[in-house]
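> My questions all concern the structure below.
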Amino acid sequence: MKQKHLLDLTVKCVERINEKYILIKLTDNAPLPDMAPGQFVEIRVDGSKTTFLRRPISIHYVDYEKNELWLLIALVGDGTRALAKLKEGDILNVLLPLGNGFTVAPACEEETQKDYSVLLVGGGVGVAPLLYAGEVIKKNGGTPMFLLGARSKSDLLELDNFRAIGEVFITTEDGSEGEKGFVTNHSVWNTHNFCQISVCGPKPMMVAVAKLAREKSVYCEVSLENKMACGVGACLCCVEDTQKGNVCVCKDGPVFSIDKLKW
Amino acid sequence: MAKLNVNIGKLELKNPVMTASGTFGYGLEFADLVPLDEIGGIIVKGTTLKPRQGNDYPRMAETAQGMLNCVGLQNKGVDYFCEHIYPEIKDIDTQMIVNVSGSSPEDYAECATRVNALENIRAIELNISCPNVKDGGMAFGVTCEGAASVVKAVRKAYDKTLIVKLSPNVTSITDIAKAVEAEGADSVSLINTLMGTSIDIEKRKFNLSIGTGGLSGPCVKPVALRMVYQVSKAVSIPVVGLGGISTAEDAIEFLMAGATAIEIGTANFLDPAVTKKVKDGINLWLDNHGIKDIHEIIGVL
């Protein structure tokens with residue numbers, strides 16, 4: 001497990017992607033700590049009267065050369081809207097890195113790195129942790145591919161950044177970009193084989209992808225986002241009912257192999 | 001540097017700042033974030049004789065300046081604690097205290113007996129006030145007879161420092177405090193969470209799986225402070241105060257109201273290093289006021 005830190009990070013910029021999403025880039029004077037793809041951070045939101053607890057946010061990307069941590073955030077409530085008002089130079093108190101991340105290397109030595117093809121499936125703002133995961137898989141010699149689903153074209157985020165790492169397949173519910181339908185309807189499932197599927201998005205989407213992965217007998221893992229408080233496995237609020245009983249999503253997840261879940 | 005050490009029964013604390021059960025895990029979860037040896041005491045997660053799965057998700061709802069939880073005493077049972085967790089925590093340089101819960105006086109006593117055998121656990125906090133379980137917990141803590149029956153059974157089985165955690169969900173908390181004092185409790189801690197609820201108006205459903213939960217956080221502080229004051233006047237054993245403490249000033253209010261030590265709970269979720277900040281803040285406040293020993297402010301009201 002990576003060492004946890006409580007840091008006052010400096011806002012480098014807040015990019016408004018569109019009316020629903022922002023991208024915050026944070027930096028620090030000291031080198032940022034080691035973080036794994038799929039791990040998350042907990043942010044203290046100071047500018048919102050109704051936001052009492054920290055907010056868990058996935059690690060979107062870490063640029064160690066520029067010493068930047070990127071967070072892709074959907075504006076859903078008072079807390080996230082307060083984050084959208086941050087300006088360059090503002091300080092954000094961040095607890096990081098938390099939880100266990102995605103698998104980013106072949107599970108067994110027989111699989112040569114060249115054959116390590118991974119489909120990273122994201123829905124809505126659930127695409128956030130997949131960018132960093134894809135990059136590390138690529139660095140490890142694997143072949144990351146992205147299957148990104150959204151309601152509409154305007155909900156597709158950071159496409160150029162994903163395309164810089166691997167092939168990108170798209171579905172939209174209204175057909176305004178890519179293939180029309182849900183991620184499970186995409187033709188890539190018939191044309192490509194994968195040795196791993198990693199998913200982050202709304203629960204119905206993850207359940208559907210997990211079902212498909214089971215049919216194809218491909219290893220599949222999903223990233224859960226149960227409501228949480230402490231982020232470190234102390235309060236036992238964010239539990240998921242697994243094959244081993246109730247376990248904390250914050251500490252034992254947020255990424256789980258579907259074999260450990262009851263769905 | 002003022003003298004910060006206090007005693008709860010035979011239990012010596014290097015400073016009066018402890019962590020509340022269920023908010024700090026077993027301490028280890030926070031080891032990267034705060035020096036554990038600077039905390040006066042760590043009260044670990046509620047432990048029962050048999051393992052418990054707790055309540056279904058969702059177990060938490062955010063409220064104005066606080067949160068509701070209905071975790072329901074999820075834990076792996078006292079034997080797992082003794083075999084697997086105790087060896088990991090026994091050498092942490094602070095007082096490790098086990099919060100004990102049960103569903104009958106015999107359960108509580110058996111659980112306490114097993115913890116009694118652990119050399120480096122010098123106190124237990126008896127939870128007769130959990131609002132989130134049907135069988136036991138608060139059922140004992142809301143009547144003088146129920147509270148007395150549990151304390152009586154545990155007192156026979158446990159010879160180290162016995163702290164009894166009281167529920168605020170009662171008509172007269174001072175009567176309950178007096179009842180447990182009469183049965184030999186060394187100390188009372190208060191308050192456990194206040195029962196409450198919250199509703200999702202779009203789904204027309206409760207936000208918590210069992211409908212209700214326990215309210216904690218700064219919003220409960222005035223209620224807790226009032227109860228600590230009343231109880232400290234009613235009993236002669238030391239009182240441990242908790243409920244919404246998140247700053248040194250909050251802690252000093254509780255000390256002045258009559259608490260000999262305090263616990264920090266929900267604030268650990270907002271700032272995992274809050275315990276050290278409160279301890280340092282108390283020390284600074286005492287220095288700034290020329291006070292040499294913390295006992296000079298305990299119960300001054």
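Identifiers for the structure tokens are assigned positionally: chains receive A, B, ... in sequence, residues are indexed from 1 per chain, and ligands are indexed from 1 in the order shown.
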Could you tell me, as an MDAnalysis selection string, which residues of range 45-249 of chain A DSSP assigns to helix (DSSP H, G or I) when given the backbone?
chainID A and resid 78:84 113:115 124:127 130:139 153:155 159:163 183:185 188:191 203:215 249
> As a compact mmCIF listing (two decimals) with N, CA and C atoms, in the first residue's frame, list the residues of range 21-235 of chain A assigned to strand (DSSP E or B) by DSSP on the backbone atoms of this structure.

```txt
# COMPACT_ATOMS: atom_id res chain seq x y z
N TYR A 21 -18.52 20.04 -16.72
CA TYR A 21 -17.26 19.42 -16.27
C TYR A 21 -16.12 20.43 -16.15
N ILE A 22 -15.26 20.18 -15.17
CA ILE A 22 -14.03 20.97 -15.04
C ILE A 22 -12.83 20.04 -14.91
N LEU A 23 -11.68 20.56 -15.28
CA LEU A 23 -10.42 19.84 -15.09
C LEU A 23 -9.54 20.73 -14.21
N ILE A 24 -9.20 20.22 -13.02
CA ILE A 24 -8.33 20.98 -12.11
C ILE A 24 -6.93 20.39 -12.17
N LYS A 25 -5.94 21.25 -12.37
CA LYS A 25 -4.55 20.79 -12.32
C LYS A 25 -3.91 21.36 -11.05
N LEU A 26 -3.36 20.45 -10.23
CA LEU A 26 -2.77 20.84 -8.95
C LEU A 26 -1.27 20.58 -8.98
N THR A 27 -0.55 21.35 -8.21
CA THR A 27 0.89 21.12 -8.12
C THR A 27 1.36 21.38 -6.70
N PHE A 40 -7.67 7.18 -5.57
CA PHE A 40 -8.42 8.43 -5.55
C PHE A 40 -7.88 9.34 -4.45
N VAL A 41 -8.40 10.57 -4.44
CA VAL A 41 -8.01 11.54 -3.42
C VAL A 41 -9.27 12.00 -2.69
N GLU A 42 -9.12 12.56 -1.51
CA GLU A 42 -10.26 13.19 -0.84
C GLU A 42 -9.93 14.67 -0.63
N ILE A 43 -10.82 15.50 -1.15
CA ILE A 43 -10.60 16.95 -1.14
C ILE A 43 -11.45 17.61 -0.07
N ARG A 55 -14.63 15.31 -0.32
CA ARG A 55 -15.19 14.70 -1.52
C ARG A 55 -14.17 13.78 -2.18
N PRO A 56 -14.55 12.51 -2.37
CA PRO A 56 -13.64 11.59 -3.06
C PRO A 56 -13.65 11.85 -4.57
N ILE A 57 -12.47 11.99 -5.15
CA ILE A 57 -12.33 12.28 -6.59
C ILE A 57 -11.25 11.35 -7.16
N SER A 58 -11.52 10.73 -8.30
CA SER A 58 -10.51 9.85 -8.92
C SER A 58 -9.32 10.65 -9.41
N TYR A 61 -5.08 11.95 -13.91
CA TYR A 61 -3.77 11.83 -14.55
C TYR A 61 -2.71 12.41 -13.61
N VAL A 62 -1.51 11.84 -13.64
CA VAL A 62 -0.40 12.43 -12.90
C VAL A 62 0.73 12.68 -13.90
N ASP A 63 1.12 13.93 -14.02
CA ASP A 63 2.24 14.29 -14.89
C ASP A 63 3.44 14.55 -13.96
N GLU A 68 2.31 17.58 -11.79
CA GLU A 68 0.89 17.96 -11.79
C GLU A 68 -0.01 16.76 -11.51
N LEU A 69 -1.04 17.01 -10.70
CA LEU A 69 -2.11 16.04 -10.47
C LEU A 69 -3.36 16.60 -11.12
N TRP A 70 -3.97 15.80 -12.00
CA TRP A 70 -5.18 16.26 -12.71
C TRP A 70 -6.42 15.59 -12.14
N LEU A 71 -7.45 16.39 -11.91
CA LEU A 71 -8.73 15.87 -11.44
C LEU A 71 -9.82 16.32 -12.40
N LEU A 72 -10.57 15.35 -12.91
CA LEU A 72 -11.68 15.65 -13.83
C LEU A 72 -12.97 15.54 -13.01
N ILE A 73 -13.71 16.62 -12.94
CA ILE A 73 -14.81 16.68 -11.99
C ILE A 73 -16.13 17.07 -12.67
N ALA A 74 -17.18 16.29 -12.40
CA ALA A 74 -18.52 16.63 -12.88
C ALA A 74 -19.15 17.58 -11.86
N ILE A 91 -5.24 27.30 -2.65
CA ILE A 91 -4.75 26.08 -2.00
C ILE A 91 -5.91 25.10 -1.80
N LEU A 92 -5.65 23.85 -2.09
CA LEU A 92 -6.65 22.80 -1.90
C LEU A 92 -6.03 21.75 -0.98
N ASN A 93 -6.73 21.43 0.12
CA ASN A 93 -6.23 20.41 1.05
C ASN A 93 -6.67 19.04 0.55
N VAL A 94 -5.69 18.19 0.28
CA VAL A 94 -5.97 16.91 -0.38
C VAL A 94 -5.36 15.75 0.40
N LEU A 95 -6.16 14.73 0.63
CA LEU A 95 -5.70 13.49 1.27
C LEU A 95 -5.48 12.48 0.14
N LEU A 96 -4.23 11.96 0.04
CA LEU A 96 -3.93 11.09 -1.10
C LEU A 96 -2.68 10.24 -0.87
N PRO A 97 -2.46 9.21 -1.68
CA PRO A 97 -3.46 8.56 -2.55
C PRO A 97 -4.21 7.50 -1.74
N LEU A 98 -5.47 7.25 -2.10
CA LEU A 98 -6.30 6.35 -1.31
C LEU A 98 -6.76 5.14 -2.14
N ASN A 100 -7.08 1.05 -3.62
CA ASN A 100 -6.29 0.21 -4.53
C ASN A 100 -6.71 0.48 -5.96
N SER A 117 -3.47 -6.88 -23.90
CA SER A 117 -4.40 -5.87 -24.42
C SER A 117 -5.51 -5.65 -23.40
N VAL A 118 -5.76 -4.41 -23.09
CA VAL A 118 -6.73 -4.07 -22.06
C VAL A 118 -7.77 -3.12 -22.62
N LEU A 119 -9.04 -3.46 -22.42
CA LEU A 119 -10.11 -2.54 -22.80
C LEU A 119 -10.52 -1.76 -21.55
N LEU A 120 -10.35 -0.45 -21.63
CA LEU A 120 -10.72 0.43 -20.52
C LEU A 120 -12.05 1.06 -20.87
N VAL A 121 -13.09 0.72 -20.11
CA VAL A 121 -14.44 1.14 -20.44
C VAL A 121 -14.90 2.22 -19.46
N GLY A 122 -15.31 3.36 -19.99
CA GLY A 122 -15.74 4.45 -19.13
C GLY A 122 -17.07 5.04 -19.55
N GLY A 123 -17.86 5.46 -18.57
CA GLY A 123 -19.13 6.11 -18.86
C GLY A 123 -19.21 7.44 -18.14
N THR A 143 -1.19 -2.99 -24.43
CA THR A 143 -1.93 -2.22 -25.42
C THR A 143 -3.26 -1.77 -24.82
N PRO A 144 -3.34 -0.53 -24.36
CA PRO A 144 -4.62 -0.05 -23.83
C PRO A 144 -5.53 0.43 -24.97
N MET A 145 -6.80 0.10 -24.87
CA MET A 145 -7.81 0.63 -25.78
C MET A 145 -8.94 1.18 -24.93
N PHE A 146 -9.58 2.23 -25.42
CA PHE A 146 -10.63 2.87 -24.63
C PHE A 146 -11.98 2.73 -25.30
N LEU A 147 -12.97 2.35 -24.52
CA LEU A 147 -14.36 2.35 -24.99
C LEU A 147 -15.12 3.33 -24.10
N LEU A 148 -15.45 4.47 -24.68
CA LEU A 148 -16.03 5.55 -23.88
C LEU A 148 -17.49 5.77 -24.26
N GLY A 149 -18.35 5.76 -23.27
CA GLY A 149 -19.77 5.96 -23.51
C GLY A 149 -20.26 7.24 -22.88
N ALA A 150 -21.23 7.89 -23.56
CA ALA A 150 -21.78 9.12 -23.03
C ALA A 150 -23.21 9.28 -23.54
N GLU A 167 -6.13 3.41 -28.94
CA GLU A 167 -7.29 3.53 -29.82
C GLU A 167 -8.53 3.82 -28.98
N VAL A 168 -9.40 4.69 -29.52
CA VAL A 168 -10.60 5.09 -28.77
C VAL A 168 -11.85 4.68 -29.54
N PHE A 169 -12.74 3.97 -28.87
CA PHE A 169 -14.04 3.61 -29.44
C PHE A 169 -15.10 4.36 -28.65
N ILE A 170 -16.13 4.81 -29.37
CA ILE A 170 -17.12 5.68 -28.72
C ILE A 170 -18.54 5.21 -28.98
N THR A 171 -19.37 5.30 -27.93
CA THR A 171 -20.81 5.18 -28.14
C THR A 171 -21.49 6.38 -27.49
N THR A 172 -22.54 6.85 -28.13
CA THR A 172 -23.39 7.86 -27.49
C THR A 172 -24.84 7.38 -27.57
N GLU A 179 -20.66 5.14 -32.28
CA GLU A 179 -21.81 4.27 -32.54
C GLU A 179 -22.94 4.60 -31.57
N LYS A 180 -24.18 4.48 -32.06
CA LYS A 180 -25.33 4.80 -31.22
C LYS A 180 -25.64 3.64 -30.27
N GLN A 196 -8.01 -8.27 -20.51
CA GLN A 196 -8.49 -7.60 -19.29
C GLN A 196 -9.46 -6.50 -19.67
N ILE A 197 -10.51 -6.35 -18.85
CA ILE A 197 -11.45 -5.24 -19.03
C ILE A 197 -11.52 -4.49 -17.71
N SER A 198 -11.28 -3.19 -17.76
CA SER A 198 -11.37 -2.38 -16.54
C SER A 198 -12.43 -1.30 -16.78
N VAL A 199 -13.34 -1.14 -15.81
CA VAL A 199 -14.52 -0.32 -16.03
C VAL A 199 -14.73 0.71 -14.92
N CYS A 200 -15.13 1.91 -15.31
CA CYS A 200 -15.55 2.91 -14.34
C CYS A 200 -16.68 3.72 -14.94
N CYS A 220 -12.27 -9.14 -15.46
CA CYS A 220 -12.90 -7.82 -15.47
C CYS A 220 -12.86 -7.22 -14.07
N GLU A 221 -12.53 -5.93 -14.01
CA GLU A 221 -12.55 -5.23 -12.73
C GLU A 221 -13.30 -3.92 -12.90
N VAL A 222 -13.94 -3.49 -11.81
CA VAL A 222 -14.77 -2.29 -11.85
C VAL A 222 -14.39 -1.36 -10.70
N SER A 223 -14.59 -0.07 -10.92
CA SER A 223 -14.28 0.92 -9.88
C SER A 223 -15.58 1.46 -9.30
```
> Please check the contacts: residues of chain A at most 9 Å away from chain B, using only C-alpha atoms, listed as a ChimeraX atom specification.
/A:3-6,44,49-54,95,226-241,245-246
> Could you give me, as a list of chain:residue names, the residues within 7 Å of range 126-131 of chain B, counting only C-alpha atoms and dropping anything in the same chain fewer than 6 positions from it?
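Near range 126-131 of chain B, the qualifying residues are B:Asn99, B:Val100, B:Ser101, B:Gly137, B:Met138, B:Phe140, B:Gly141, B:Ala147, B:Ile163, B:Val164, B:Lys165, B:Leu166, B:Ser167, B:Asn192, B:Met195, B:Gly213, B:Gly214.
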> Tell me which of B:Lys10, B:His84, B:Lys276, B:Arg122 sits closest to Ile43 in chain B, counting only C-alpha atoms.
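The shortest atom-to-atom distance to Ile43 in chain B comes from B:Arg122.
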> Just want the 8 Å neighbourhood of Gly99 in chain A, counted on only C-alpha atoms, with same-chain residues fewer than 6 positions away dropped. Output as a list in words.
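Result of the neighbour search: Gln39, Phe40, Gly231, Val232, Val249, Cys250, Lys251, Asp252, Gly253 and Pro254 of chain A.
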